[in-house]
Amino acid sequence: MSDQVSEKAPGDTAPPRTGFGAGISRLTRGKPTQPGETYGVPGSGDTLVLSLFTIALLIFVWWLITEMELVKPLFVPSPQSIVQKFISVWQNGFTGTPLWEHIAISAARVFGAFLLACAIGVPLGLAMGMSPMMRGIFDPPIEFYRPIPPLAYLPLMIIWFGIGEVSKVLLIFLSVFAPVALGAKAGVRSAAIEQIHAAYSFGASRWQVMRYIILPSALPEILTAMRIGIGFGWTTLVAAEMVAATSGIGYMVLSASQFLQTSTVIMGIVVIAAIAYTFDLLMRFIERKVVPWKGKM
Amino acid sequence: MALVIDDVSVIYPAANGRPPVEALSKIDLTIGPGDFVVALGASGCGKSTLLNLIAGFLAPSSGSLTLDGSPIDGPGADRSVVFQKHALLPWLNVLDNVAFGLKLQGISQQNRKAIAEKFIGLLGLSGFEQSPVYALSGGMQQRVGIARALTCEPKVLLMDEPLGALDALTREKAQELILKIWDDTRKSMFFITHSVEEALFMGTHLVVMSPRPGRIAHRFDLPFSRRYLAGETARALKASPDFIRIREEVLSIIFADEEAA
């Protein structure tokens, strides 16, 4: 055994580690990494294969349950029926509206609200991070409404802004706005004080320090906040389309559930998840391109 | 060029029930043209406070600081700082980091590039202009930091333990490099270090500082950096009897401070 090659000093009476104990220690000991990787980085390694396996397993179990008719299709429709439902709704539409139109209107609501929230939230968050006056003014209202579930203030939105697009987009906007603004505010603190001092000692003005030091250092946190924000946006979509909507994925899910069309409900959920996940992949790609230095210094 | 520190004291106000702290007490120091002033002392003796005063980050509680007769009132490009943690900007490559101070001063892109290239060459970084700074070794990052500070053409270059994070071999090479640049550019330098050997080897003037309150306890005029530039080798200098004699003298001062602490 390899761990008995040791050259023992005379008088070394420690018993050789053999059998079960040695086996365990070999298992728990890290293997050396391949050249080009770093030893001992927590959680390093590729997860793609395992993730695909998990997805395949879940779908298989789902299929098995429906195939063995353990549960009625009303409660758990089979995976195949979801695919069929997708194709039929794609071809024939839902309540007279084609599926792509439902998707487009929901995407327009979410991304419109998201862009608006970023356009206002990022500059405001940066201003809050840099100016105690701005922080003093805007911290209380944001911190007040942030923990409230959007469903709770949805009635207010309807009373104030009616049942049209304004209240829907505004509801999603509010759910995205708080995390984006607070992320940008926190990002202001990312610049090292040495970086700021160095810039001043090269003759930078306050404005230049903001533009060339604080803004670029805040970028990683702003991008993370945007990813979190869009997540909240999708979460709020269904709530926003609960009231007086005649189109949209959230509307489709809700009205299908009223008619116990479970397969349409699940299909809508999968469509929302697919769009949200695709967008998150896009954001991660942008992150790698825009801030390749993230976490490196 | 003369930077004059006249009877400067810094008192940090009382906080958390602790009494006020006198970080610096009655400092008098003049940095003349081409001087290489090294501040040496145990932790807490006010070296960095002194550098922050000169850089303009901190206002003195009493006394005055003037550069060429005009009072120091805030940071400025005539006093660039090199930090222990290089404080480079990871989103810029080496060239843009070195040219950063020039960009702040509104110098055109071609001129920026030309000036930056000169200092990149001076610090032996040619060929790395397009490298991202986070991919460089610690020694190279610190050289980028020095090049960046030099491009601003400061009247005095302030260095706060710039070599503290480097390994011994890289550090000695960097010391020699800084001396050569000092010789080339004829800048005045203010250099903080923990290392007695580094202080003796590099400075023309050494101020040994003592804590509680921070003050200049001893001053030495040193010949070694000029002798190095005149052709003697660093190793021979550091082994010479007069170097060792001063080193022992300075060490006993610093150890006495440590004992008293």
# chains A, B, ... in the order shown; residues from 1 in each chain; ligands from 1
call {"tool": "residues_around", "arguments": {"residues": "region 225-241 of chain B", "least_positions_apart": "2", "cutoff": "9 Å", "atoms": "only C-alpha atoms", "output": "ChimeraX atom specification"}}
result
/B:36,172,176,179-180,183,197,200-204,222-223,243-246
call {"tool": "select_by_dssp", "arguments": {"residues": "region 13-257 of chain B", "states": "strand (DSSP E)", "output": "PyMOL selection string"}}
result
chain B and resi 21-31+36-41+62-67+70-71+81-82+156-160+188-193+205-210+215-221
call {"tool": "residues_around", "arguments": {"residues": "Phe75 (chain A)", "least_positions_apart": "5", "cutoff": "12 Å", "atoms": "only C-alpha atoms", "output": "list in words"}}
result
Trp62, Ile65, Thr66, Glu69, Leu70, Ser257, Leu260, Gln261, Thr262, Ser263, Thr264, Val265 and Ile266 of chain A
call {"tool": "residues_around", "arguments": {"residues": "Gln130 (chain B)", "least_positions_apart": "4", "cutoff": "8 Å", "atoms": "only C-alpha atoms", "output": "count of residues only"}}
result
3
call {"tool": "atom_distance", "arguments": {"atom1": "CA of Tyr212 (chain A)", "atom2": "CA of Cys118 (chain A)"}}
result
20.3 Å
call {"tool": "residues_around", "arguments": {"residues": "Val176 (chain A)", "least_positions_apart": "5", "cutoff": "12 Å", "atoms": "only C-alpha atoms", "output": "mmCIF file with C-alpha atoms, in the first residue's frame"}}
result
data_model
loop_
_atom_site.group_PDB
_atom_site.id
_atom_site.type_symbol
_atom_site.label_atom_id
_atom_site.label_comp_id
_atom_site.auth_asym_id
_atom_site.auth_seq_id
_atom_site.Cartn_x
_atom_site.Cartn_y
_atom_site.Cartn_z
ATOM 1 C CA VAL A 110 -41.724 42.031 -17.994
ATOM 2 C CA PHE A 111 -38.868 43.402 -20.111
ATOM 3 C CA GLY A 112 -40.507 46.819 -20.436
ATOM 4 C CA ALA A 113 -40.837 47.035 -16.663
ATOM 5 C CA PHE A 114 -37.304 45.647 -16.273
ATOM 6 C CA LEU A 115 -35.722 48.201 -18.615
ATOM 7 C CA LEU A 116 -37.627 51.008 -16.946
ATOM 8 C CA ALA A 117 -36.573 49.777 -13.504
ATOM 9 C CA CYS A 118 -32.917 49.587 -14.595
ATOM 10 C CA ALA A 119 -33.007 52.994 -16.288
ATOM 11 C CA ILE A 120 -34.291 54.612 -13.093
ATOM 12 C CA GLY A 121 -33.036 52.190 -10.429
ATOM 13 C CA VAL A 122 -29.343 52.028 -11.404
ATOM 14 C CA ILE A 142 -37.796 51.793 -0.847
ATOM 15 C CA TYR A 145 -42.362 48.825 0.185
ATOM 16 C CA ARG A 146 -39.590 46.320 -0.633
ATOM 17 C CA PRO A 150 -46.758 42.632 -4.822
ATOM 18 C CA VAL A 169 -46.250 47.177 -15.847
ATOM 19 C CA LEU A 170 -46.042 49.304 -12.720
ATOM 20 C CA LEU A 171 -46.506 46.270 -10.476
ATOM 21 C CA ALA A 181 -31.594 50.177 -6.859
ATOM 22 C CA LEU A 182 -30.296 48.554 -3.664
ATOM 23 C CA GLY A 183 -27.744 46.506 -5.639
ATOM 24 C CA ALA A 225 -28.759 42.957 -9.037
ATOM 25 C CA MET A 226 -30.259 43.033 -12.537
ATOM 26 C CA ARG A 227 -30.297 39.238 -12.626
ATOM 27 C CA ILE A 228 -32.031 39.119 -9.239
ATOM 28 C CA GLY A 229 -34.406 41.881 -10.356
ATOM 29 C CA ILE A 230 -35.583 40.166 -13.530
ATOM 30 C CA GLY A 231 -36.236 37.082 -11.409
ATOM 31 C CA PHE A 232 -38.614 39.103 -9.249
ATOM 32 C CA GLY A 233 -40.157 40.451 -12.447
ATOM 33 C CA TRP A 234 -41.138 36.982 -13.686
ATOM 34 C CA THR A 235 -42.417 36.093 -10.210
ATOM 35 C CA THR A 236 -44.724 39.089 -10.288
ATOM 36 C CA LEU A 237 -45.960 38.491 -13.847
#
call {"tool": "interface_residues", "arguments": {"of": "chain A", "to": "chain B", "cutoff": "8 Å", "atoms": "only C-alpha atoms", "output": "PyMOL selection string"}}
result
chain A and resi 192+194-195+197-204+208+213+216+291-293+296-297
call {"tool": "select_by_dssp", "arguments": {"residues": "region 71-287 of chain A", "states": "helix (DSSP H, G or I)", "output": "VMD selection string"}}
result
chain A and resid 79 to 92 99 to 130 132 to 145 150 to 161 165 to 190 193 to 201 206 to 240 249 to 258 262 to 287
call {"tool": "atom_distance", "arguments": {"atom1": "CA of Ile192 (chain B)", "atom2": "CA of Met159 (chain B)"}}
result
6.1 Å
call {"tool": "closest_residue", "arguments": {"among": "A:Leu58, A:Ile87, A:Ala178, A:Met242", "to": "Glu143 (chain A)", "atoms": "only C-alpha atoms"}}
result
A:Ala178
